[in-house]
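Source file: model_32.csv (CSV, C-alpha atoms)
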```csv
chain,number,residue,atom,x,y,z
A,14,MET,CA,-13.3,-26.1,-26.7
A,15,LEU,CA,-9.8,-26.1,-25.3
A,16,LEU,CA,-10.1,-26.9,-21.6
A,17,LEU,CA,-6.6,-26.7,-20.0
A,18,ALA,CA,-7.8,-27.6,-16.5
A,19,VAL,CA,-8.5,-31.2,-17.1
A,20,ALA,CA,-5.1,-32.3,-15.9
A,21,ALA,CA,-6.2,-32.3,-12.2
A,22,CYS,CA,-6.4,-35.6,-10.6
A,23,SER,CA,-9.9,-37.2,-10.4
A,24,ASN,CA,-9.8,-37.5,-6.6
A,25,GLY,CA,-8.9,-33.9,-5.7
A,26,PRO,CA,-7.7,-33.0,-2.3
A,27,LYS,CA,-9.8,-31.8,0.6
A,28,GLN,CA,-8.5,-28.9,2.6
A,29,ALA,CA,-8.2,-28.8,6.4
A,30,SER,CA,-9.3,-25.6,8.2
A,31,ASP,CA,-6.8,-23.9,10.6
A,32,GLY,CA,-9.3,-21.6,12.2
A,33,PRO,CA,-12.9,-21.2,13.2
A,34,PHE,CA,-14.3,-21.8,9.7
A,35,PRO,CA,-15.5,-25.3,8.7
A,36,ALA,CA,-13.3,-27.1,6.2
A,37,ALA,CA,-14.4,-27.8,2.6
A,38,ASP,CA,-16.4,-31.0,2.8
A,39,ARG,CA,-15.8,-31.9,-0.8
A,40,PRO,CA,-12.7,-32.2,-3.1
A,41,VAL,CA,-11.0,-29.1,-4.2
A,42,ALA,CA,-9.7,-28.9,-7.7
A,43,ASN,CA,-6.0,-28.2,-8.3
A,44,ILE,CA,-5.0,-24.9,-10.0
A,45,VAL,CA,-3.2,-26.1,-13.1
A,46,SER,CA,-3.4,-23.1,-15.5
A,47,PRO,CA,-4.2,-19.4,-15.4
A,48,ARG,CA,-6.2,-19.9,-18.6
A,49,TRP,CA,-9.5,-21.7,-18.8
A,50,SER,CA,-9.8,-21.6,-22.6
A,51,ASN,CA,-8.4,-19.8,-25.7
A,52,GLU,CA,-9.5,-16.2,-25.8
A,53,GLN,CA,-10.4,-16.4,-29.5
A,54,ASP,CA,-12.5,-19.4,-29.0
A,55,ARG,CA,-14.3,-17.7,-26.1
A,56,ASP,CA,-15.0,-14.6,-28.2
A,57,SER,CA,-16.3,-16.7,-31.1
A,58,ARG,CA,-19.0,-17.9,-28.7
A,59,ASP,CA,-19.6,-14.3,-27.4
A,60,GLU,CA,-18.9,-15.6,-23.9
A,61,ALA,CA,-17.8,-12.5,-22.1
A,62,GLN,CA,-20.5,-10.3,-23.6
A,63,GLN,CA,-23.3,-12.7,-22.7
A,64,VAL,CA,-22.0,-13.2,-19.2
A,65,MET,CA,-21.6,-9.4,-18.6
A,66,ALA,CA,-25.1,-8.8,-20.0
A,67,LYS,CA,-26.8,-11.4,-17.9
A,68,ALA,CA,-24.9,-10.2,-14.8
A,69,GLY,CA,-26.2,-6.7,-15.4
A,70,ILE,CA,-22.8,-5.1,-15.7
A,71,LYS,CA,-23.1,-1.5,-16.9
A,72,PRO,CA,-21.0,1.5,-17.5
A,73,GLY,CA,-19.9,3.2,-14.3
A,74,MET,CA,-19.9,0.1,-12.2
A,75,THR,CA,-17.1,-1.1,-10.0
A,76,VAL,CA,-16.4,-4.8,-10.6
A,77,ALA,CA,-13.9,-7.3,-9.1
A,78,ASP,CA,-12.6,-10.1,-11.3
A,79,ILE,CA,-11.5,-12.9,-8.9
A,80,GLY,CA,-9.0,-15.4,-10.1
A,81,ALA,CA,-8.4,-13.2,-13.1
A,82,GLY,CA,-5.6,-15.3,-14.6
A,83,GLU,CA,-4.4,-13.9,-17.9
A,84,GLY,CA,-7.1,-11.3,-17.9
A,85,TYR,CA,-9.7,-12.5,-20.4
A,86,TYR,CA,-12.6,-10.9,-18.4
A,87,THR,CA,-10.5,-8.1,-17.0
A,88,VAL,CA,-9.9,-6.4,-20.3
A,89,ARG,CA,-13.5,-6.9,-21.4
A,90,LEU,CA,-14.8,-5.6,-18.1
A,91,ALA,CA,-12.7,-2.5,-18.4
A,92,SER,CA,-14.3,-1.7,-21.8
A,93,ARG,CA,-17.8,-2.5,-20.4
A,94,VAL,CA,-17.7,-0.3,-17.3
A,95,GLY,CA,-15.9,2.5,-19.2
A,96,LYS,CA,-13.9,5.4,-17.9
A,97,GLY,CA,-16.4,6.1,-15.2
A,98,GLY,CA,-16.1,2.5,-13.8
A,99,ARG,CA,-13.4,0.5,-12.1
A,100,VAL,CA,-12.2,-3.0,-12.4
A,101,LEU,CA,-10.1,-4.7,-9.7
A,102,ALA,CA,-8.4,-7.9,-11.0
A,103,GLU,CA,-7.3,-10.4,-8.3
A,104,ASP,CA,-5.3,-13.5,-8.4
A,105,ILE,CA,-3.5,-15.6,-5.7
A,106,VAL,CA,-0.4,-16.5,-7.8
A,107,ALA,CA,2.2,-13.7,-7.7
A,108,SER,CA,3.6,-14.5,-11.1
A,109,VAL,CA,0.2,-14.5,-12.7
A,110,ARG,CA,-0.7,-11.2,-11.0
A,111,ASP,CA,2.5,-9.7,-12.3
A,112,SER,CA,1.9,-10.9,-15.9
A,113,LEU,CA,-1.6,-9.5,-15.8
A,114,ALA,CA,-0.3,-6.2,-14.4
A,115,GLU,CA,2.0,-6.0,-17.4
A,116,ARG,CA,-0.9,-6.7,-19.8
A,117,VAL,CA,-2.9,-4.0,-18.1
A,118,ALA,CA,-0.1,-1.5,-18.5
A,119,ARG,CA,0.6,-2.5,-22.1
A,120,GLU,CA,-3.0,-2.1,-23.1
A,121,ARG,CA,-3.3,1.1,-21.1
A,122,LEU,CA,-6.3,0.0,-19.1
A,123,ASP,CA,-6.3,3.1,-16.8
A,124,ASN,CA,-9.5,2.0,-15.0
A,125,VAL,CA,-8.0,-1.4,-13.9
A,126,SER,CA,-6.0,-2.2,-10.8
A,127,VAL,CA,-4.4,-5.5,-10.0
A,128,ARG,CA,-4.1,-7.2,-6.6
A,129,LEU,CA,-2.7,-10.3,-5.0
A,130,GLY,CA,-5.1,-12.2,-2.8
A,131,THR,CA,-4.7,-15.4,-0.7
A,132,PRO,CA,-6.5,-18.7,-1.1
A,133,SER,CA,-8.9,-17.9,1.8
A,134,ASP,CA,-9.2,-14.1,1.4
A,135,PRO,CA,-9.5,-12.0,-1.8
A,136,LYS,CA,-8.5,-8.9,0.1
A,137,LEU,CA,-11.0,-6.6,-1.4
A,138,PRO,CA,-11.8,-3.1,0.0
A,139,ALA,CA,-15.1,-2.9,1.9
A,140,ASN,CA,-18.4,-1.6,0.4
A,141,SER,CA,-16.8,-1.2,-3.0
A,142,PHE,CA,-18.3,-3.5,-5.6
A,143,ASP,CA,-21.4,-3.7,-7.7
A,144,ARG,CA,-20.4,-7.1,-9.0
A,145,VAL,CA,-17.8,-9.7,-8.0
A,146,LEU,CA,-17.1,-12.1,-10.8
A,147,MET,CA,-15.8,-15.6,-10.4
A,148,VAL,CA,-15.5,-17.5,-13.6
A,149,HIS,CA,-14.4,-21.2,-13.7
A,150,MET,CA,-12.5,-20.9,-10.5
A,151,TYR,CA,-14.9,-21.4,-7.6
A,152,HIS,CA,-14.1,-25.2,-7.5
A,153,GLU,CA,-10.4,-24.2,-6.8
A,154,ILE,CA,-11.1,-22.3,-3.6
A,155,GLY,CA,-9.7,-24.5,-0.8
A,156,GLN,CA,-11.6,-22.7,2.0
A,157,PRO,CA,-14.9,-21.7,0.5
A,158,TYR,CA,-16.7,-20.8,3.7
A,159,GLU,CA,-13.9,-18.5,4.9
A,160,PHE,CA,-13.4,-17.1,1.4
A,161,LEU,CA,-17.1,-16.2,1.0
A,162,TRP,CA,-17.3,-14.8,4.6
A,163,ARG,CA,-14.3,-12.5,3.9
A,164,LEU,CA,-15.7,-11.5,0.5
A,165,ARG,CA,-19.1,-10.3,1.9
A,166,PRO,CA,-18.0,-6.9,3.2
A,167,SER,CA,-16.7,-5.9,-0.2
A,168,LEU,CA,-20.1,-5.8,-1.7
A,169,LYS,CA,-22.2,-2.7,-2.0
A,170,PRO,CA,-25.7,-3.0,-0.5
A,171,ALA,CA,-27.2,-4.2,-3.8
A,172,GLY,CA,-24.0,-5.8,-5.0
A,173,LEU,CA,-24.0,-9.3,-6.5
A,174,VAL,CA,-21.6,-12.2,-6.7
A,175,VAL,CA,-21.6,-13.8,-10.2
A,176,VAL,CA,-20.4,-17.3,-10.5
A,177,VAL,CA,-19.8,-19.1,-13.8
A,178,ASP,CA,-19.0,-22.8,-13.6
A,179,ALA,CA,-19.6,-26.2,-15.1
A,180,ASP,CA,-22.2,-28.6,-13.7
A,181,ARG,CA,-19.9,-31.4,-12.7
A,182,GLN,CA,-18.1,-32.5,-9.5
A,183,THR,CA,-15.5,-30.2,-8.0
A,184,GLN,CA,-12.6,-32.6,-8.6
A,185,HIS,CA,-13.4,-32.4,-12.3
A,186,HIS,CA,-13.3,-28.6,-12.4
A,187,GLY,CA,-16.9,-27.7,-11.9
A,188,THR,CA,-19.4,-27.2,-9.1
A,189,PRO,CA,-22.9,-28.8,-9.0
A,190,PRO,CA,-25.4,-26.0,-8.7
A,191,ALA,CA,-27.0,-27.4,-5.6
A,192,LEU,CA,-23.7,-27.5,-3.8
A,193,LEU,CA,-22.8,-24.0,-4.9
A,194,ARG,CA,-26.2,-22.7,-3.6
A,195,CYS,CA,-25.7,-24.5,-0.3
A,196,GLU,CA,-22.2,-23.2,0.3
A,197,PHE,CA,-23.2,-19.6,-0.4
A,198,ALA,CA,-26.3,-20.0,1.8
A,199,ALA,CA,-24.2,-21.2,4.7
A,200,VAL,CA,-22.5,-17.8,4.7
A,201,GLY,CA,-25.7,-15.8,4.4
A,202,TYR,CA,-26.0,-15.3,0.6
A,203,THR,CA,-29.3,-15.9,-1.3
A,204,GLN,CA,-29.3,-17.1,-4.9
A,205,VAL,CA,-31.3,-14.5,-6.9
A,206,GLY,CA,-30.8,-16.0,-10.4
A,207,ARG,CA,-29.4,-18.9,-12.3
A,208,GLU,CA,-29.5,-19.9,-15.9
A,209,ASP,CA,-27.6,-22.2,-18.3
A,210,MET,CA,-24.7,-20.6,-20.1
A,211,PRO,CA,-23.5,-22.9,-22.9
A,212,SER,CA,-21.4,-20.2,-24.4
A,213,ALA,CA,-19.4,-20.1,-21.1
A,214,GLY,CA,-19.2,-23.9,-20.7
A,215,GLY,CA,-21.8,-24.3,-17.9
A,216,TYR,CA,-24.2,-22.1,-16.0
A,217,LEU,CA,-24.3,-18.6,-14.4
A,218,ALA,CA,-25.5,-18.0,-10.9
A,219,LEU,CA,-26.1,-14.7,-9.0
A,220,PHE,CA,-26.0,-14.3,-5.3
A,221,GLN,CA,-26.8,-11.4,-3.0
A,222,ALA,CA,-25.7,-11.1,0.7
A,223,ILE,CA,-28.8,-10.7,2.7
A,224,GLY,CA,-29.0,-10.3,6.5
A,225,PRO,CA,-26.2,-10.4,9.0
A,226,ARG,CA,-22.9,-12.2,8.3
A,227,PRO,CA,-22.9,-15.3,10.5
A,228,ASP,CA,-20.2,-15.9,13.1
A,229,PRO,CA,-17.6,-18.2,11.7
A,230,ASP,CA,-18.3,-20.9,14.3
A,231,ALA,CA,-22.0,-20.8,13.4
A,232,ILE,CA,-21.4,-21.8,9.7
A,233,LYS,CA,-22.6,-25.3,8.9
A,234,PRO,CA,-20.9,-27.2,6.1
A,235,CYS,CA,-22.9,-28.8,3.3
A,236,LEU,CA,-21.7,-32.3,4.0
A,237,ASN,CA,-20.7,-33.2,0.5
A,238,ARG,CA,-24.1,-32.7,-1.1
```

Could you take the file, read its structure, and then write that structure out as structure tokens?
Amino acid sequence: MLLLAVAACSNGPKQASDGPFPAADRPVANIVSPRWSNEQDRDSRDEAQQVMAKAGIKPGMTVADIGAGEGYYTVRLASRVGKGGRVLAEDIVASVRDSLAERVARERLDNVSVRLGTPSDPKLPANSFDRVLMVHMYHEIGQPYEFLWRLRPSLKPAGLVVVVDADRQTQHHGTPPALLRCEFAAVGYTQVGREDMPSAGGYLALFQAIGPRPDPDAIKPCLNR
């Protein structure tokens, strides 16, 4: 497996918080490439099809691909949801967003739109998504509590956040499952499923927003669990 993200330093930076949200209390991995692995290698393991199946992504759904990069999942999601569905591909790097927009136009993916987010806010429309997909990028979110807080309103009532990541420390481009569960829980999400996903280089976890969204100053960090 080609893993282009290993160039990050082993003692990744922690991010300070400028507002009412708690800072990340664990290292944050550097963003070093818009590509997690070679698309042909990923397809040879049936990665995207297995992830989309386990995430319950079906024709007609509206799905956000967060940290879309070069668009491996974007183009496959577009096919999966079909003409009756929609895909919003988001990235925080303008040049990556622009390259993906060119790919979407070139491949005539009429059910896909592309958006530029920020490190702390994916800038998704409210009450819009059946699934929000984050594949091998959660460990790169510098303000996880604020990011998850701002993400919540974008979900439909039964919508799910789908995280695929490796079971290793965040500075090594992964997220331990217990830490992931804790950070989501701090912002009012409940884990409703998790299973190993060797084909995707780690595990898949599903989260649903349940109950009221907490006030930012009431969010308790996970203290580097």

| Looking at A:Val176, A:Ala222, A:Ala198, A:Ala37, which one is nearest to Val64 of chain A, with distances taken over all atoms listed in the file? | A:Val176

For the interface of segment 117-210 of chain A with segment 68-85 of chain A (cut-off 10 Å, counting all atoms listed in the file), please tabulate each contacting residue of segment 117-210 of chain A alongside its nearest pair of atoms and their separation in Å to one decimal, rows sorted by chain and increasing number, as a Markdown table.
```
| residue | atom | partner | partner_atom | distance |
| --- | --- | --- | --- | --- |
| A:Val117 | CA | A:Gly84 | CA | 8.4 |
| A:Asn124 | CA | A:Thr75 | CA | 9.6 |
| A:Val125 | CA | A:Ala77 | CA | 9.6 |
| A:Ser126 | CA | A:Ala77 | CA | 9.6 |
| A:Val127 | CA | A:Ala81 | CA | 9.2 |
| A:Arg128 | CA | A:Ile79 | CA | 9.6 |
| A:Leu129 | CA | A:Gly80 | CA | 9.6 |
| A:Gly130 | CA | A:Ile79 | CA | 8.9 |
| A:Pro132 | CA | A:Gly80 | CA | 9.9 |
| A:Pro135 | CA | A:Ile79 | CA | 7.4 |
| A:Leu137 | CA | A:Ala77 | CA | 8.3 |
| A:Ser141 | CA | A:Thr75 | CA | 7.0 |
| A:Phe142 | CA | A:Thr75 | CA | 5.2 |
| A:Asp143 | CA | A:Thr75 | CA | 5.5 |
| A:Arg144 | CA | A:Val76 | CA | 4.9 |
| A:Val145 | CA | A:Ala77 | CA | 4.7 |
| A:Leu146 | CA | A:Asp78 | CA | 4.9 |
| A:Met147 | CA | A:Ile79 | CA | 5.3 |
| A:Val148 | CA | A:Gly80 | CA | 7.7 |
| A:His149 | CA | A:Gly80 | CA | 8.7 |
| A:Met150 | CA | A:Gly80 | CA | 6.5 |
| A:Tyr151 | CA | A:Gly80 | CA | 8.8 |
| A:Glu153 | CA | A:Gly80 | CA | 9.5 |
| A:Ile154 | CA | A:Gly80 | CA | 9.7 |
| A:Ser167 | CA | A:Ala77 | CA | 9.4 |
| A:Leu168 | CA | A:Val76 | CA | 9.7 |
| A:Lys169 | CA | A:Thr75 | CA | 9.6 |
| A:Gly172 | CA | A:Val76 | CA | 9.5 |
| A:Leu173 | CA | A:Ala68 | CA | 8.4 |
| A:Val174 | CA | A:Ala68 | CA | 9.0 |
| A:Val175 | CA | A:Ala68 | CA | 6.7 |
| A:Val176 | CA | A:Ala68 | CA | 9.4 |
| A:Gly206 | CA | A:Ala68 | CA | 9.4 |
```

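Look at everything within 7 Å of (-12.8, -20.2, 13.6) using only C-alpha atoms, and the residues you get are A:Gly32, A:Pro33, A:Phe34, A:Pro229, A:Asp230.
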
| task | Please write as a PyMOL selection string the list of polymer residues whose atoms come within 8 Å of (-11.9, -15.5, 1.5), counting all atoms listed in the file and keeping to the coordinates of the file. | result | chain A and resi 131-136+156-164

| Atom-to-atom span, atom CA of Cys235 of chain A and atom CA of His185 of chain A, Å |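 Between these atoms lies a distance of 18.6 Å.
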
| task | Excluding segment 190-192 of chain A and residues on its chain fewer than 4 positions from it, collect all residues at most 10 Å away from it, counting all atoms listed in the file, and give them as a ChimeraX atom specification. | result | /A:39,178-183,196-198,207,216-218,235-238

| query | So which one's closest to Met210 of chain A, A:Leu193, A:Val177, A:Ala66, A:Arg89? Using only C-alpha atoms, please. | reply |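 Of A:Leu193, A:Val177, A:Ala66, A:Arg89, the one nearest Met210 of chain A, counting only C-alpha atoms, is A:Val177.
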
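Between Glu103 of chain A and the residues A:Arg119, A:Ala171, A:Pro138, A:Gly224, the shortest atom-to-atom distance, using all atoms listed in the file, involves A:Pro138.
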
| query | Quick one: distance from atom CA of Ser212 of chain A to atom CA of Tyr86 of chain A in Å, one decimal? | reply |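 Distance reported for this atom pair: 14.1 Å.
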
| task | Rank A:Lys233, A:Pro166, A:Met65, A:Ile223 by their smallest atom-to-atom distance to Ala199 of chain A, using all atoms listed in the file, and report the top residue only. | result |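 Checking each candidate against Ala199 of chain A, we get A:Lys233 as the closest.
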
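With distances restricted to all atoms listed in the file, A:Phe220 is the closest residue to Thr203 of chain A from A:Ala42, A:Thr188, A:Phe220, A:Ala231.
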
| request: Go through A:Arg99, A:Arg116, A:His186, A:Arg165 one by one, measure the shortest atom-to-atom distance of each to Gly215 of chain A using all atoms listed in the file, and give the residue with the smallest value. | output: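 When distances to Gly215 of chain A are compared using all atoms listed in the file, the smallest one comes from A:His186.
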
| How far is it from atom CA of Asp123 of chain A to atom CA of Ala91 of chain A, in Å with one decimal? | 8.7 Å

Please return the centre and edge lengths, in Å to one decimal, of a box with edges along x, y and z that contains all listed atoms of segment 68-80 of chain A, widened by 8 Å on every side, as lines of an AutoDock Vina configuration file.
```
center_x = -17.6
center_y = -6.1
center_z = -13.2
size_x = 33.2
size_y = 34.6
size_z = 24.6
```

Completion of segment 122-146 of chain A up to N, CA, C and O atoms, as a PDB file, in the frame of the given file:
```pdb
ATOM      1  N   LEU A 122      -4.972   0.153 -19.724  1.00  0.00           N
ATOM      2  CA  LEU A 122      -6.300   0.000 -19.100  1.00  0.00           C
ATOM      3  C   LEU A 122      -6.259   0.858 -17.801  1.00  0.00           C
ATOM      4  O   LEU A 122      -6.030   0.346 -16.704  1.00  0.00           O
ATOM      5  N   ASP A 123      -6.504   2.147 -17.930  1.00  0.00           N
ATOM      6  CA  ASP A 123      -6.300   3.100 -16.800  1.00  0.00           C
ATOM      7  C   ASP A 123      -7.386   2.870 -15.710  1.00  0.00           C
ATOM      8  O   ASP A 123      -7.214   3.382 -14.596  1.00  0.00           O
ATOM      9  N   ASN A 124      -8.474   2.177 -16.023  1.00  0.00           N
ATOM     10  CA  ASN A 124      -9.500   2.000 -15.000  1.00  0.00           C
ATOM     11  C   ASN A 124      -9.389   0.600 -14.336  1.00  0.00           C
ATOM     12  O   ASN A 124     -10.328   0.140 -13.680  1.00  0.00           O
ATOM     13  N   VAL A 125      -8.227  -0.048 -14.477  1.00  0.00           N
ATOM     14  CA  VAL A 125      -8.000  -1.400 -13.900  1.00  0.00           C
ATOM     15  C   VAL A 125      -6.849  -1.313 -12.893  1.00  0.00           C
ATOM     16  O   VAL A 125      -5.806  -0.700 -13.154  1.00  0.00           O
ATOM     17  N   SER A 126      -7.049  -1.943 -11.737  1.00  0.00           N
ATOM     18  CA  SER A 126      -6.000  -2.200 -10.800  1.00  0.00           C
ATOM     19  C   SER A 126      -5.849  -3.675 -10.551  1.00  0.00           C
ATOM     20  O   SER A 126      -6.800  -4.426 -10.760  1.00  0.00           O
ATOM     21  N   VAL A 127      -4.669  -4.114 -10.135  1.00  0.00           N
ATOM     22  CA  VAL A 127      -4.400  -5.500 -10.000  1.00  0.00           C
ATOM     23  C   VAL A 127      -3.923  -5.795  -8.557  1.00  0.00           C
ATOM     24  O   VAL A 127      -3.133  -5.022  -7.995  1.00  0.00           O
ATOM     25  N   ARG A 128      -4.428  -6.877  -7.972  1.00  0.00           N
ATOM     26  CA  ARG A 128      -4.100  -7.200  -6.600  1.00  0.00           C
ATOM     27  C   ARG A 128      -3.842  -8.627  -6.357  1.00  0.00           C
ATOM     28  O   ARG A 128      -4.386  -9.490  -7.041  1.00  0.00           O
ATOM     29  N   LEU A 129      -2.977  -8.902  -5.370  1.00  0.00           N
ATOM     30  CA  LEU A 129      -2.700 -10.300  -5.000  1.00  0.00           C
ATOM     31  C   LEU A 129      -3.520 -10.623  -3.751  1.00  0.00           C
ATOM     32  O   LEU A 129      -3.479  -9.938  -2.726  1.00  0.00           O
ATOM     33  N   GLY A 130      -4.318 -11.688  -3.878  1.00  0.00           N
ATOM     34  CA  GLY A 130      -5.100 -12.200  -2.800  1.00  0.00           C
ATOM     35  C   GLY A 130      -4.467 -13.421  -2.168  1.00  0.00           C
ATOM     36  O   GLY A 130      -3.333 -13.792  -2.500  1.00  0.00           O
ATOM     37  N   THR A 131      -5.194 -14.088  -1.284  1.00  0.00           N
ATOM     38  CA  THR A 131      -4.700 -15.400  -0.700  1.00  0.00           C
ATOM     39  C   THR A 131      -5.836 -16.404  -0.965  1.00  0.00           C
ATOM     40  O   THR A 131      -6.976 -16.060  -1.300  1.00  0.00           O
ATOM     41  N   PRO A 132      -5.524 -17.688  -0.808  1.00  0.00           N
ATOM     42  CA  PRO A 132      -6.500 -18.700  -1.100  1.00  0.00           C
ATOM     43  C   PRO A 132      -7.803 -18.577  -0.230  1.00  0.00           C
ATOM     44  O   PRO A 132      -8.876 -19.007  -0.662  1.00  0.00           O
ATOM     45  N   SER A 133      -7.719 -17.963   0.940  1.00  0.00           N
ATOM     46  CA  SER A 133      -8.900 -17.900   1.800  1.00  0.00           C
ATOM     47  C   SER A 133      -9.427 -16.433   1.916  1.00  0.00           C
ATOM     48  O   SER A 133     -10.428 -16.208   2.601  1.00  0.00           O
ATOM     49  N   ASP A 134      -8.787 -15.463   1.236  1.00  0.00           N
ATOM     50  CA  ASP A 134      -9.200 -14.100   1.400  1.00  0.00           C
ATOM     51  C   ASP A 134      -8.840 -13.303   0.112  1.00  0.00           C
ATOM     52  O   ASP A 134      -7.657 -13.139  -0.199  1.00  0.00           O
ATOM     53  N   PRO A 135      -9.847 -12.805  -0.632  1.00  0.00           N
ATOM     54  CA  PRO A 135      -9.500 -12.000  -1.800  1.00  0.00           C
ATOM     55  C   PRO A 135      -8.980 -10.650  -1.549  1.00  0.00           C
ATOM     56  O   PRO A 135      -8.505  -9.976  -2.453  1.00  0.00           O
ATOM     57  N   LYS A 136      -9.061 -10.218  -0.284  1.00  0.00           N
ATOM     58  CA  LYS A 136      -8.500  -8.900   0.100  1.00  0.00           C
ATOM     59  C   LYS A 136      -9.048  -7.756  -0.653  1.00  0.00           C
ATOM     60  O   LYS A 136      -8.310  -6.942  -1.205  1.00  0.00           O
ATOM     61  N   LEU A 137     -10.355  -7.688  -0.692  1.00  0.00           N
ATOM     62  CA  LEU A 137     -11.000  -6.600  -1.400  1.00  0.00           C
ATOM     63  C   LEU A 137     -11.424  -5.501  -0.438  1.00  0.00           C
ATOM     64  O   LEU A 137     -11.778  -5.761   0.713  1.00  0.00           O
ATOM     65  N   PRO A 138     -11.396  -4.248  -0.898  1.00  0.00           N
ATOM     66  CA  PRO A 138     -11.800  -3.100   0.000  1.00  0.00           C
ATOM     67  C   PRO A 138     -13.319  -3.226   0.272  1.00  0.00           C
ATOM     68  O   PRO A 138     -14.119  -3.694  -0.545  1.00  0.00           O
ATOM     69  N   ALA A 139     -13.693  -2.757   1.440  1.00  0.00           N
ATOM     70  CA  ALA A 139     -15.100  -2.900   1.900  1.00  0.00           C
ATOM     71  C   ALA A 139     -16.011  -1.941   1.135  1.00  0.00           C
ATOM     72  O   ALA A 139     -15.615  -0.864   0.669  1.00  0.00           O
ATOM     73  N   ASN A 140     -17.269  -2.393   0.993  1.00  0.00           N
ATOM     74  CA  ASN A 140     -18.400  -1.600   0.400  1.00  0.00           C
ATOM     75  C   ASN A 140     -17.974  -0.934  -0.888  1.00  0.00           C
ATOM     76  O   ASN A 140     -18.188   0.256  -1.097  1.00  0.00           O
ATOM     77  N   SER A 141     -17.416  -1.728  -1.798  1.00  0.00           N
ATOM     78  CA  SER A 141     -16.800  -1.200  -3.000  1.00  0.00           C
ATOM     79  C   SER A 141     -17.393  -1.682  -4.318  1.00  0.00           C
ATOM     80  O   SER A 141     -17.265  -0.997  -5.340  1.00  0.00           O
ATOM     81  N   PHE A 142     -18.021  -2.858  -4.341  1.00  0.00           N
ATOM     82  CA  PHE A 142     -18.300  -3.500  -5.600  1.00  0.00           C
ATOM     83  C   PHE A 142     -19.753  -3.719  -5.915  1.00  0.00           C
ATOM     84  O   PHE A 142     -20.521  -4.200  -5.086  1.00  0.00           O
ATOM     85  N   ASP A 143     -20.105  -3.357  -7.150  1.00  0.00           N
ATOM     86  CA  ASP A 143     -21.400  -3.700  -7.700  1.00  0.00           C
ATOM     87  C   ASP A 143     -21.551  -5.114  -8.081  1.00  0.00           C
ATOM     88  O   ASP A 143     -22.623  -5.715  -7.963  1.00  0.00           O
ATOM     89  N   ARG A 144     -20.464  -5.657  -8.595  1.00  0.00           N
ATOM     90  CA  ARG A 144     -20.400  -7.100  -9.000  1.00  0.00           C
ATOM     91  C   ARG A 144     -19.048  -7.636  -8.652  1.00  0.00           C
ATOM     92  O   ARG A 144     -18.023  -6.977  -8.812  1.00  0.00           O
ATOM     93  N   VAL A 145     -19.059  -8.887  -8.196  1.00  0.00           N
ATOM     94  CA  VAL A 145     -17.800  -9.700  -8.000  1.00  0.00           C
ATOM     95  C   VAL A 145     -17.958 -10.889  -8.887  1.00  0.00           C
ATOM     96  O   VAL A 145     -18.899 -11.683  -8.740  1.00  0.00           O
ATOM     97  N   LEU A 146     -17.037 -11.042  -9.821  1.00  0.00           N
ATOM     98  CA  LEU A 146     -17.100 -12.100 -10.800  1.00  0.00           C
ATOM     99  C   LEU A 146     -16.131 -13.202 -10.525  1.00  0.00           C
ATOM    100  O   LEU A 146     -14.947 -12.948 -10.254  1.00  0.00           O
TER     101      LEU A 146
END
```
